[in-house]
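Here is the structure we will look at, set down as structure tokens.
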Amino acid sequence: MRVPRRWWPLYLGWIALCAILFVALSNLEDPSRPTGRILSIDAGQRALAVAHDRGLRNLQVVHVARARKGEGAAEDRWVVLLDRVPHTRLADAVVVELAVEDGRLLRIRRPVNRN
């Protein structure tokens, strides 16, 4: 499809605006990854390492969620659900809670089953 020639300044302007915004925003902090806390993928890997050190083997990360201060505990934390492979429908699952800031172990517990 042929684009009418009268629109070329609009296309050129759009490309220039995108380039300017790319350069202007490139050094800003990503709000989804604030400094001072580990990322969720790192929390999952750390939880697996902690579980392995405690003798819990054949586990896999099922879910990682951030829990803020006051949501069941006094500190910000990563809540990592680990389950055996193949999955056991929480029968052998373990929850590892890690500090958001540095990934230190807060507690290991069984998941709460509310059936």
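Quick note on naming: the chains in the structure tokens go A, B, ... in the order shown, residues restart at 1 in each chain, and ligands are numbered from 1 in order of appearance.
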
Counting only C-alpha atoms, give me one row per residue of range 67-107 of chain A with an atom at most 8 Å from an atom of range 27-47 of chain A, showing the shortest contact pair and its distance in Å to one decimal, sorted by chain then residue number, as JSON lines.
{"residue": "A:Trp78", "atom": "CA", "partner": "A:Ala43", "partner_atom": "CA", "distance": 6.7}
{"residue": "A:Val80", "atom": "CA", "partner": "A:Gly44", "partner_atom": "CA", "distance": 6.3}
{"residue": "A:Val96", "atom": "CA", "partner": "A:Ala47", "partner_atom": "CA", "distance": 6.0}
{"residue": "A:Glu97", "atom": "CA", "partner": "A:Ala47", "partner_atom": "CA", "distance": 7.8}
{"residue": "A:Leu98", "atom": "CA", "partner": "A:Ala43", "partner_atom": "CA", "distance": 7.1}
{"residue": "A:Val100", "atom": "CA", "partner": "A:Arg37", "partner_atom": "CA", "distance": 5.2}
{"residue": "A:Glu101", "atom": "CA", "partner": "A:Arg37", "partner_atom": "CA", "distance": 4.1}
{"residue": "A:Asp102", "atom": "CA", "partner": "A:Ile38", "partner_atom": "CA", "distance": 6.2}
{"residue": "A:Gly103", "atom": "CA", "partner": "A:Ala43", "partner_atom": "CA", "distance": 6.4}

**Request:** Fewer than 3 positions away in the same chain doesn't count, so skip those; otherwise give me all residues within 8 Å of Val95 in chain A, counting only C-alpha atoms, as a list in words.
**Result:** Val79, Val80, Leu81, Leu82, Ile108, Arg109, Arg110 and Pro111 of chain A

**Message:** Between CA of Pro86 in chain A and CA of Gly55 in chain A, what is the distance in Å, rounded to a tenth?
**Reply:**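 Taking CA of Pro86 in chain A as the start and CA of Gly55 in chain A as the end point, the length is 17.9 Å.
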
**Item:** Nearest to Val61 in chain A, chosen from A:Val94, A:Ala74, A:Thr88, A:Arg107, with only C-alpha atoms counted in the distances
**Value:**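 So, comparing all the options, the nearest one is A:Val94.
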
**Top pick for closest residue to Arg66 in chain A, considering A:Leu10, A:Ala99, A:Leu106, A:Cys18 and counting only C-alpha atoms** =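 Nearest to Arg66 in chain A: A:Ala99.
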
**Asked** Which residue out of A:Leu90, A:Leu12, A:Ile20, A:Leu105 has the minimum interatomic distance to Leu59 in chain A when only C-alpha atoms are used?
**Response** A:Leu90

Any chance you could list, as a tab-separated table (two decimals) with all heavy atoms, in the first residue's frame, the residues in chain A that come up alpha helix (DSSP H) when DSSP is run on the backbone?
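The result, written out as selection-v5.tsv:
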chain	number	residue	atom	x	y	z
A	8	TRP	N	4.73	12.28	5.35
A	8	TRP	CA	6.10	11.98	5.74
A	8	TRP	C	6.60	12.83	6.90
A	8	TRP	O	7.34	12.33	7.75
A	8	TRP	CB	7.05	12.05	4.54
A	8	TRP	CG	7.33	13.42	4.03
A	8	TRP	CD1	6.69	14.08	3.05
A	8	TRP	CD2	8.34	14.31	4.51
A	8	TRP	NE1	7.21	15.31	2.87
A	8	TRP	CE2	8.24	15.48	3.75
A	8	TRP	CE3	9.32	14.23	5.48
A	8	TRP	CZ2	9.07	16.58	3.96
A	8	TRP	CZ3	10.16	15.32	5.69
A	8	TRP	CH2	10.02	16.48	4.92
A	9	PRO	N	6.21	14.11	7.05
A	9	PRO	CA	6.68	14.87	8.23
A	9	PRO	C	6.17	14.27	9.55
A	9	PRO	O	6.86	14.28	10.56
A	9	PRO	CB	6.14	16.28	8.02
A	9	PRO	CG	5.90	16.38	6.55
A	9	PRO	CD	5.50	15.01	6.12
A	10	LEU	N	4.96	13.72	9.52
A	10	LEU	CA	4.40	13.09	10.72
A	10	LEU	C	5.22	11.85	11.11
A	10	LEU	O	5.56	11.66	12.28
A	10	LEU	CB	2.94	12.70	10.49
A	10	LEU	CG	2.24	12.06	11.68
A	10	LEU	CD1	2.17	13.02	12.85
A	10	LEU	CD2	0.85	11.60	11.27
A	11	TYR	N	5.56	11.02	10.15
A	11	TYR	CA	6.38	9.83	10.42
A	11	TYR	C	7.76	10.22	10.93
A	11	TYR	O	8.26	9.64	11.89
A	11	TYR	CB	6.52	8.96	9.16
A	11	TYR	CG	5.21	8.38	8.70
A	11	TYR	CD1	4.76	8.58	7.42
A	11	TYR	CD2	4.42	7.62	9.56
A	11	TYR	CE1	3.57	8.05	6.98
A	11	TYR	CE2	3.23	7.08	9.15
A	11	TYR	CZ	2.79	7.30	7.86
A	11	TYR	OH	1.60	6.77	7.44
A	12	LEU	N	8.36	11.20	10.30
A	12	LEU	CA	9.67	11.66	10.72
A	12	LEU	C	9.62	12.25	12.13
A	12	LEU	O	10.49	11.98	12.96
A	12	LEU	CB	10.20	12.71	9.72
A	12	LEU	CG	11.62	13.17	9.94
A	12	LEU	CD1	12.58	12.00	9.81
A	12	LEU	CD2	11.98	14.27	8.95
A	13	GLY	N	8.57	12.98	12.44
A	13	GLY	CA	8.39	13.55	13.78
A	13	GLY	C	8.22	12.46	14.83
A	13	GLY	O	8.75	12.57	15.94
A	14	TRP	N	7.45	11.43	14.49
A	14	TRP	CA	7.24	10.32	15.42
A	14	TRP	C	8.55	9.59	15.73
A	14	TRP	O	8.85	9.29	16.87
A	14	TRP	CB	6.20	9.36	14.86
A	14	TRP	CG	5.95	8.19	15.77
A	14	TRP	CD1	6.33	6.91	15.59
A	14	TRP	CD2	5.28	8.23	17.03
A	14	TRP	NE1	5.94	6.14	16.65
A	14	TRP	CE2	5.29	6.93	17.55
A	14	TRP	CE3	4.68	9.24	17.76
A	14	TRP	CZ2	4.72	6.61	18.77
A	14	TRP	CZ3	4.10	8.92	18.98
A	14	TRP	CH2	4.13	7.63	19.47
A	15	ILE	N	9.34	9.33	14.70
A	15	ILE	CA	10.63	8.68	14.89
A	15	ILE	C	11.55	9.55	15.74
A	15	ILE	O	12.22	9.06	16.66
A	15	ILE	CB	11.27	8.34	13.53
A	15	ILE	CG1	10.45	7.24	12.85
A	15	ILE	CG2	12.72	7.92	13.70
A	15	ILE	CD1	10.83	6.99	11.41
A	16	ALA	N	11.56	10.85	15.51
A	16	ALA	CA	12.39	11.77	16.28
A	16	ALA	C	11.94	11.82	17.74
A	16	ALA	O	12.76	11.78	18.66
A	16	ALA	CB	12.35	13.17	15.67
A	17	LEU	N	10.63	11.85	17.98
A	17	LEU	CA	10.10	11.87	19.34
A	17	LEU	C	10.50	10.59	20.09
A	17	LEU	O	10.93	10.64	21.25
A	17	LEU	CB	8.57	12.02	19.33
A	17	LEU	CG	7.89	11.93	20.70
A	17	LEU	CD1	8.29	13.11	21.56
A	17	LEU	CD2	6.39	11.84	20.54
A	18	CYS	N	10.37	9.45	19.44
A	18	CYS	CA	10.75	8.18	20.07
A	18	CYS	C	12.23	8.14	20.39
A	18	CYS	O	12.63	7.67	21.46
A	18	CYS	CB	10.37	7.00	19.17
A	18	CYS	SG	8.59	6.74	19.06
A	19	ALA	N	13.05	8.64	19.50
A	19	ALA	CA	14.49	8.67	19.74
A	19	ALA	C	14.84	9.59	20.91
A	19	ALA	O	15.66	9.24	21.77
A	19	ALA	CB	15.23	9.11	18.48
A	20	ILE	N	14.20	10.73	20.98
A	20	ILE	CA	14.45	11.68	22.08
A	20	ILE	C	14.03	11.07	23.41
A	20	ILE	O	14.76	11.14	24.40
A	20	ILE	CB	13.72	13.01	21.81
A	20	ILE	CG1	14.39	13.75	20.65
A	20	ILE	CG2	13.70	13.88	23.07
A	20	ILE	CD1	13.61	14.93	20.13
A	21	LEU	N	12.84	10.45	23.45
A	21	LEU	CA	12.38	9.81	24.69
A	21	LEU	C	13.27	8.65	25.10
A	21	LEU	O	13.53	8.45	26.29
A	21	LEU	CB	10.93	9.34	24.52
A	21	LEU	CG	9.88	10.43	24.50
A	21	LEU	CD1	8.52	9.85	24.18
A	21	LEU	CD2	9.86	11.19	25.82
A	22	PHE	N	13.75	7.89	24.14
A	22	PHE	CA	14.64	6.77	24.45
A	22	PHE	C	15.91	7.27	25.13
A	22	PHE	O	16.34	6.73	26.15
A	22	PHE	CB	15.00	6.01	23.17
A	22	PHE	CG	15.96	4.89	23.39
A	22	PHE	CD1	15.53	3.69	23.93
A	22	PHE	CD2	17.30	5.05	23.08
A	22	PHE	CE1	16.42	2.65	24.15
A	22	PHE	CE2	18.19	4.01	23.29
A	22	PHE	CZ	17.75	2.81	23.82
A	23	VAL	N	16.50	8.32	24.61
A	23	VAL	CA	17.72	8.87	25.19
A	23	VAL	C	17.43	9.51	26.54
A	23	VAL	O	18.17	9.32	27.51
A	23	VAL	CB	18.39	9.87	24.22
A	23	VAL	CG1	19.52	10.62	24.89
A	23	VAL	CG2	18.86	9.15	22.97
A	24	ALA	N	16.33	10.25	26.64
A	24	ALA	CA	16.01	10.97	27.88
A	24	ALA	C	15.67	10.01	29.02
A	24	ALA	O	15.99	10.30	30.18
A	24	ALA	CB	14.84	11.92	27.63
A	25	LEU	N	15.03	8.90	28.73
A	25	LEU	CA	14.59	7.98	29.77
A	25	LEU	C	15.54	6.82	30.03
A	25	LEU	O	15.30	6.02	30.93
A	25	LEU	CB	13.20	7.42	29.41
A	25	LEU	CG	12.08	8.45	29.28
A	25	LEU	CD1	10.81	7.78	28.81
A	25	LEU	CD2	11.87	9.19	30.59
A	40	SER	N	12.53	-11.15	41.95
A	40	SER	CA	11.78	-12.36	42.25
A	40	SER	C	12.49	-13.61	41.75
A	40	SER	O	12.48	-14.65	42.43
A	40	SER	CB	10.37	-12.27	41.64
A	40	SER	OG	10.45	-12.15	40.24
A	41	ILE	N	13.12	-13.53	40.60
A	41	ILE	CA	13.82	-14.72	40.09
A	41	ILE	C	15.00	-15.08	40.99
A	41	ILE	O	15.28	-16.25	41.24
A	41	ILE	CB	14.25	-14.54	38.62
A	41	ILE	CG1	14.65	-15.87	38.04
A	41	ILE	CG2	15.36	-13.54	38.49
A	41	ILE	CD1	14.52	-15.93	36.55
A	42	ASP	N	15.68	-14.05	41.53
A	42	ASP	CA	16.77	-14.30	42.47
A	42	ASP	C	16.24	-14.89	43.78
A	42	ASP	O	16.89	-15.73	44.39
A	42	ASP	CB	17.54	-13.01	42.75
A	42	ASP	CG	18.21	-12.46	41.51
A	42	ASP	OD1	18.56	-13.26	40.62
A	42	ASP	OD2	18.38	-11.22	41.43
A	43	ALA	N	15.06	-14.44	44.19
A	43	ALA	CA	14.44	-14.98	45.41
A	43	ALA	C	14.12	-16.46	45.22
A	43	ALA	O	14.34	-17.27	46.13
A	43	ALA	CB	13.18	-14.20	45.76
A	44	GLY	N	13.63	-16.84	44.06
A	44	GLY	CA	13.34	-18.25	43.79
A	44	GLY	C	14.59	-19.10	43.83
A	44	GLY	O	14.61	-20.19	44.42
A	45	GLN	N	15.67	-18.61	43.21
A	45	GLN	CA	16.93	-19.35	43.21
A	45	GLN	C	17.50	-19.45	44.62
A	45	GLN	O	18.01	-20.49	45.03
A	45	GLN	CB	17.93	-18.68	42.27
A	45	GLN	CG	17.54	-18.78	40.82
A	45	GLN	CD	18.41	-17.93	39.91
A	45	GLN	OE1	19.18	-17.10	40.37
A	45	GLN	NE2	18.27	-18.14	38.61
A	46	ARG	N	17.40	-18.37	45.38
A	46	ARG	CA	17.90	-18.36	46.76
A	46	ARG	C	17.10	-19.34	47.62
A	46	ARG	O	17.65	-20.06	48.44
A	46	ARG	CB	17.83	-16.94	47.32
A	46	ARG	CG	18.14	-16.81	48.77
A	46	ARG	CD	19.63	-16.68	49.02
A	46	ARG	NE	19.86	-16.48	50.44
A	46	ARG	CZ	20.38	-17.39	51.23
A	46	ARG	NH1	20.78	-18.54	50.75
A	46	ARG	NH2	20.54	-17.16	52.51
A	47	ALA	N	15.77	-19.37	47.45
A	47	ALA	CA	14.92	-20.27	48.22
A	47	ALA	C	15.27	-21.73	47.92
A	47	ALA	O	15.32	-22.56	48.83
A	47	ALA	CB	13.46	-20.00	47.92
A	48	LEU	N	15.53	-22.04	46.65
A	48	LEU	CA	15.94	-23.40	46.29
A	48	LEU	C	17.26	-23.76	46.97
A	48	LEU	O	17.43	-24.88	47.47
A	48	LEU	CB	16.09	-23.54	44.79
A	48	LEU	CG	14.85	-23.94	44.01
A	48	LEU	CD1	15.14	-23.95	42.52
A	48	LEU	CD2	14.32	-25.27	44.47
A	49	ALA	N	18.20	-22.83	46.99
A	49	ALA	CA	19.49	-23.07	47.63
A	49	ALA	C	19.33	-23.29	49.13
A	49	ALA	O	19.95	-24.19	49.70
A	49	ALA	CB	20.44	-21.91	47.35
A	50	VAL	N	18.49	-22.49	49.76
A	50	VAL	CA	18.24	-22.64	51.20
A	50	VAL	C	17.61	-24.00	51.48
A	50	VAL	O	18.02	-24.70	52.41
A	50	VAL	CB	17.34	-21.49	51.71
A	50	VAL	CG1	16.79	-21.80	53.09
A	50	VAL	CG2	18.10	-20.18	51.72
A	51	ALA	N	16.62	-24.37	50.69
A	51	ALA	CA	15.96	-25.67	50.88
A	51	ALA	C	16.96	-26.82	50.68
A	51	ALA	O	16.96	-27.78	51.45
A	51	ALA	CB	14.78	-25.80	49.92
A	52	HIS	N	17.80	-26.70	49.69
A	52	HIS	CA	18.80	-27.73	49.42
A	52	HIS	C	19.78	-27.85	50.59
A	52	HIS	O	20.13	-28.96	51.00
A	52	HIS	CB	19.54	-27.41	48.12
A	52	HIS	CG	20.40	-28.52	47.64
A	52	HIS	ND1	21.73	-28.61	47.98
A	52	HIS	CD2	20.13	-29.59	46.86
A	52	HIS	CE1	22.24	-29.69	47.42
A	52	HIS	NE2	21.29	-30.31	46.73
A	53	ASP	N	20.20	-26.71	51.14
A	53	ASP	CA	21.11	-26.71	52.30
A	53	ASP	C	20.46	-27.37	53.52
A	53	ASP	O	21.16	-27.91	54.37
A	53	ASP	CB	21.53	-25.29	52.66
A	53	ASP	CG	22.46	-24.69	51.62
A	53	ASP	OD1	23.00	-25.45	50.78
A	53	ASP	OD2	22.64	-23.45	51.64

**Request:** Run DSSP on the backbone and give me the residues of range 39-85 of chain A it puts in strand (DSSP E or B), as an MDAnalysis selection string.
**Result:** chainID A and resid 59:67 77:84
